[in-house]
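Asks: Have a look at this one before I ask anything.
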Amino acid sequence: MSSGQGEKILHGVGASPGIAIARAMPLAHHPVQVPFRNLAEGGVEAEVERFRRALAATEVELAQAKQDLGEGLTEYGYIIEAHLSILKDKLISRRVLDIIRERAINAEWALSLAVTEARGVFQDIKDEYIRSRFVDVEYVTDQVQRHLSGRGLVDLSQIREKVIVVAHDLSPAQTTRMDMDWILGFVTDMGGPTSHTAIVAQAKAIPAVVGLENVSLAVREGDLVVVDGSTGAVVINPDEETLHAYREKQEAYELYAQEILAEAHLPATTADGHSLAVGANIELAEEASSVLRYGAEYIGLYRTEFLYISRTTLPDEDELYEDFKSTASQMAGRPVNIRTLDIGGDKFASSVVLAPEINPALGLRAIRYCLKERNLFRAQLRSILRASAHGKVRVLFPMISGVGELLQAKAMLDEAKNDLHAKKVEFDSDLQVGIMVEVPSAVAVADLLAQHVDFMSIGTNDLIQYALAIDRVNEHVAHLYQPLHPAVLRMISQVVRAGRGAGVKVAMCGEMAGDQRAVPLLIGLGLDELSVNAQSIPRVKQIVRLTDRQVWRELAAEALRFPTASQVQAFIDRKLAQHFPGLTLPRANRGRGVV
Amino acid sequence: MSEAGNIGEAPLERQLSVVNALGLHARAAAKIAELVGRYDCQISLVKDDCEAEADSVLSILGLDAPQGTKLVARCAGPQAGEALEALDGLFRDKFGEGK
């Protein structure tokens, strides 16, 4: 291995593939050290003035950031408005002035005292969402601290040097203000493969490694950092030899990415003539045009939660309709699977009030929430139906755990259809209905569910979480989140067989569907459709084209016989390296084997 | 600034109910703070044994008041009456959220 003295290697979760090499730009979540000073006699008013100037400078910056929000990000303006109101809040601004005057201490120390007091107010709030928004208070007051310390702007929208962002965690407010042209990669302490950072990185096709636990402490500003988003490795201050190896690997990866993109618009057909539909997962209507560039044949999963997040009022039926209609029209007749609201679990929307739960992943979320909040659900169903007049729209119900729930949801859909019909509103009367198979009980009764639907889509992120009892965002157990666990493979196989039996197509739309090691197995297990993040489409299609379906069938049959995830993984890696060395090319140079 | 009004008198009080679906979330709290700032008076919002200063968004959020919460607004100052009237209207109007 390496003989470098300064080189340090950390391993986390590869959240977005590719290799980035650049200087580190650490985002201090908290000022490293807040200085304490007693003010000199008569120095109070000057200190008050200094604090006011820092407030004013922060306000100017926030207002500027709000103005600079690009198209499509206007929703985030709300977050910045919230930051402005926190900045002006008397619990912060006036309280700091009081402390400076009463105790004759410096502004930095007074501010940190005021924040501690405000934290006390927030600590007891039962509403988890509001309580979690204390990060906004910290963010804003950190900005004021920065101005007080006289440090220059670490505003990421102002970076003019290519960097790798190193942070404890990244919030949507931070990432939306980043100028992505200058950011080559992300590394964070927190997060799993489906965290916010991971989603942003994948959407922007920037390599990212998350769940590193303490990378933000290990890296200093200006350190050279290598991010390998494919293996989850992060190298700090690599020695010459390592750097050279990674530069070669980076070149190979980029070449490979270009090659497969050139063929992305072609269908994904195995050498023996079996086609697999490869689609895209999206979160915003605006993504529809870009997924077509990556060769998406349809939209396998439109997550509608973003329409509800970052706002305090619910979108109404017309607003939803316009959004869905725009997505459907952009896809020009290609299917668009619109998933009804999947709020709860790890996704919270500020416009939806959820009671605090001890165990949100097992609580009132997704279809359960919708069947309870009927008006909200009705607005979704009606808008989806109305949009179906403008393209091939299909509805996808999340978190279905059994036939009873499915029939209830379908009854509400029928109700919405009858109502629209009576009002002579146009919609596709043959609108196809699908379900997400992501709860283990749905796998057990997949044959019964299949009789009532037009398609089924396996949501691996949740299915793995529920089947293995692993919280995917908990950094302490994230390593046990194993897509290749024999239990998961058996479940997938069972759903495919249930679909076959009922003549219903079975898709997969979780992260697993885009994992290059899993794809051969998924083809072999008999999935009809794979829906992945757009950037993964060219690679998935290329894997499909490699050989006969029969080869993958044999691979899958053999893989199912191994008792542990690591054995399955080792077996697949061995087989692929033997027969298709080109497939693992972005990782092959280092000869790392199983990571 | 006027020193008159009801200084020395008992502060005015009014019962308020949180009827909007979202409860006192950030945007509603911001509207309250903004309204209170327009009047020459001090208002506090009381829920059980918690008291919040109505001109501070953070303080209001700390009340933790979802839909259905009953609050008492306590108001002192020259424009106390008008301010309470306006505040009452804002709560009844569901902070313009329509739900």
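Residues are named by chain letter and number: chains run A, B, ... in the order of the structure tokens, numbers start at 1 in each chain, and ligands are numbered from 1 in the order shown.
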Compute the set of chain B residues within 8 Å of chain A, using only C-alpha atoms, and express it as a PyMOL selection string.

Replies: chain B and resi 21-22+25-27+30+55-59+61-64+97

Asks: Pull the alpha helix (DSSP H) assignments for segment 27-97 of chain B out of DSSP run on the backbone, and list those residues as a list in words.

Replies: Arg27, Ala28, Ala29, Ala30, Lys31, Ile32, Ala33, Glu34, Leu35, Val36, Gly37, Val57, Leu58, Ser59, Ile60, Leu61, Ala80, Gly81, Glu82, Ala83, Leu84, Glu85, Ala86, Leu87, Asp88, Gly89, Leu90, Phe91 and Arg92 of chain B

Asks: Between atom CA of Gln143 of chain A and atom CA of Gly222 of chain A, what distance in Å does the model show, to one decimal?

Replies: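 Atom CA of Gly222 of chain A lies 21.2 Å from atom CA of Gln143 of chain A.
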
Asks: Report as a PyMOL selection string: the residues of chain B with a DSSP assignment of strand (DSSP E), based on the backbone of this structure.

Replies: chain B and resi 12-17+42-47+50-53+70-76

Asks: Find the spatial neighbours of segment 10-15 of chain B, counting only C-alpha atoms, within a cut-off of 10 Å - ignore same-chain residues fewer than 5 positions away - and output them as a list of chain:residue names.

Replies: B:Gln42, B:Ile43, B:Ser44, B:Leu45, B:Val46, B:Lys70, B:Leu71, B:Val72, B:Ala73, B:Arg74, B:Cys75, B:Ala76, B:Gly77, B:Ala80, B:Gly81, B:Leu84, B:Glu85, B:Leu87, B:Asp88

Asks: Quick one: residues within 10 Å of Arg38 of chain B, only C-alpha atoms, excluding same-chain residues fewer than 3 positions away - as a ChimeraX atom specification?

Replies: /B:33-35,41,55,79,83

Asks: Using only C-alpha atoms, please write the residues we just selected to a file, as a JSON list (two decimals), in the first residue's frame.

Replies:
```
[["chain", "number", "residue", "atom", "x", "y", "z"],
["B", 33, "ALA", "CA", -44.25, 39.41, 14.91],
["B", 34, "GLU", "CA", -44.63, 41.75, 11.98],
["B", 35, "LEU", "CA", -48.14, 42.83, 13.06],
["B", 41, "CYS", "CA", -47.54, 48.15, 22.97],
["B", 55, "ASP", "CA", -42.65, 40.37, 18.50],
["B", 79, "GLN", "CA", -52.34, 50.86, 21.45],
["B", 83, "ALA", "CA", -53.33, 45.61, 18.59]]
```

Asks: Could you tell me how far atom CA of Gly150 of chain A sits from atom CA of Glu221 of chain A, in Å to one decimal place?

Replies: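 Atom-to-atom, atom CA of Glu221 of chain A to atom CA of Gly150 of chain A, that is 17.5 Å.
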